[in-house]
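J.: One structure, pasted below without further comment.
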Amino acid sequence: MLNLFSFQKYFIGRGLFLIFIAVLCFDHVNNLKTLVGKCDLIIGIVLAVYGVFLMVVGFAGDNEPVGTTVS
């Protein structure tokens, strides 16, 4: 069983990680004429919005550890 990275235990860390992945998705947006470019744009926007949501939840609450593991 693999434990989460330490930043993944908190909502703010999960939000920052999702925003980082969204930035990586925006790397292929320069070619919006292809299906891959359009999918990367949509996925990047969804990940960035969800990452911001997780960060807001973390800042609004007490940002306690989530306590789940990846199996």
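In the structure tokens, each chain is lettered A, B, ... as it comes, each chain's residues begin at 1, and ligands are numbered from 1 in order of appearance.
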Mind checking DSSP for segment 30-66 of chain A and telling me the helix (DSSP H, G or I) residues as a ChimeraX atom specification?
T.: /A:35-60
J.: Restricting the calculation to only C-alpha atoms: of A:Gly37, A:Gly13, A:Gly51, A:Gly58, which residue gets closest to Cys25 of chain A?
T.: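 Once distances to Cys25 of chain A are computed over only C-alpha atoms, the minimum belongs to A:Gly37.
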J.: Find the distance between atom CA of Leu41 of chain A and atom CA of Met55 of chain A and write it in Å to one decimal.
T.: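 Between atom CA of Leu41 of chain A and atom CA of Met55 of chain A the gap works out to 21.0 Å.
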J.: Would you pick out the contacts of Leu24 of chain A at 12 Å or less, using only C-alpha atoms, so that residues sharing its chain but fewer than 3 positions from it are not included, and give the list as a list in words?
T.: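 In the requested format, the answer is Phe17, Leu18, Ile19, Phe20, Ile21, Asp27, His28, Val29, Asp40, Leu41, Ile43, Gly44, Ile45, Leu47 and Ala48 of chain A.
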J.: Export C-alpha atoms of the chosen residues as an mmCIF file, in the first residue's frame?
T.:
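The resulting part03.cif:
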```
data_model
loop_
_atom_site.group_PDB
_atom_site.id
_atom_site.type_symbol
_atom_site.label_atom_id
_atom_site.label_comp_id
_atom_site.auth_asym_id
_atom_site.auth_seq_id
_atom_site.Cartn_x
_atom_site.Cartn_y
_atom_site.Cartn_z
ATOM 1 C CA PHE A 17 -1.226 19.814 -7.127
ATOM 2 C CA LEU A 18 -4.313 19.943 -9.354
ATOM 3 C CA ILE A 19 -3.465 23.475 -10.451
ATOM 4 C CA PHE A 20 0.049 22.272 -11.314
ATOM 5 C CA ILE A 21 -1.394 19.446 -13.437
ATOM 6 C CA ASP A 27 1.017 23.274 -22.560
ATOM 7 C CA HIS A 28 -0.712 21.694 -25.589
ATOM 8 C CA VAL A 29 -3.415 24.364 -25.928
ATOM 9 C CA ASP A 40 -6.346 19.569 -22.977
ATOM 10 C CA LEU A 41 -8.065 22.935 -22.694
ATOM 11 C CA ILE A 43 -9.388 19.126 -18.828
ATOM 12 C CA GLY A 44 -7.056 21.931 -17.743
ATOM 13 C CA ILE A 45 -9.958 24.262 -16.978
ATOM 14 C CA LEU A 47 -8.698 20.674 -12.974
ATOM 15 C CA ALA A 48 -7.871 24.313 -12.275
#
```
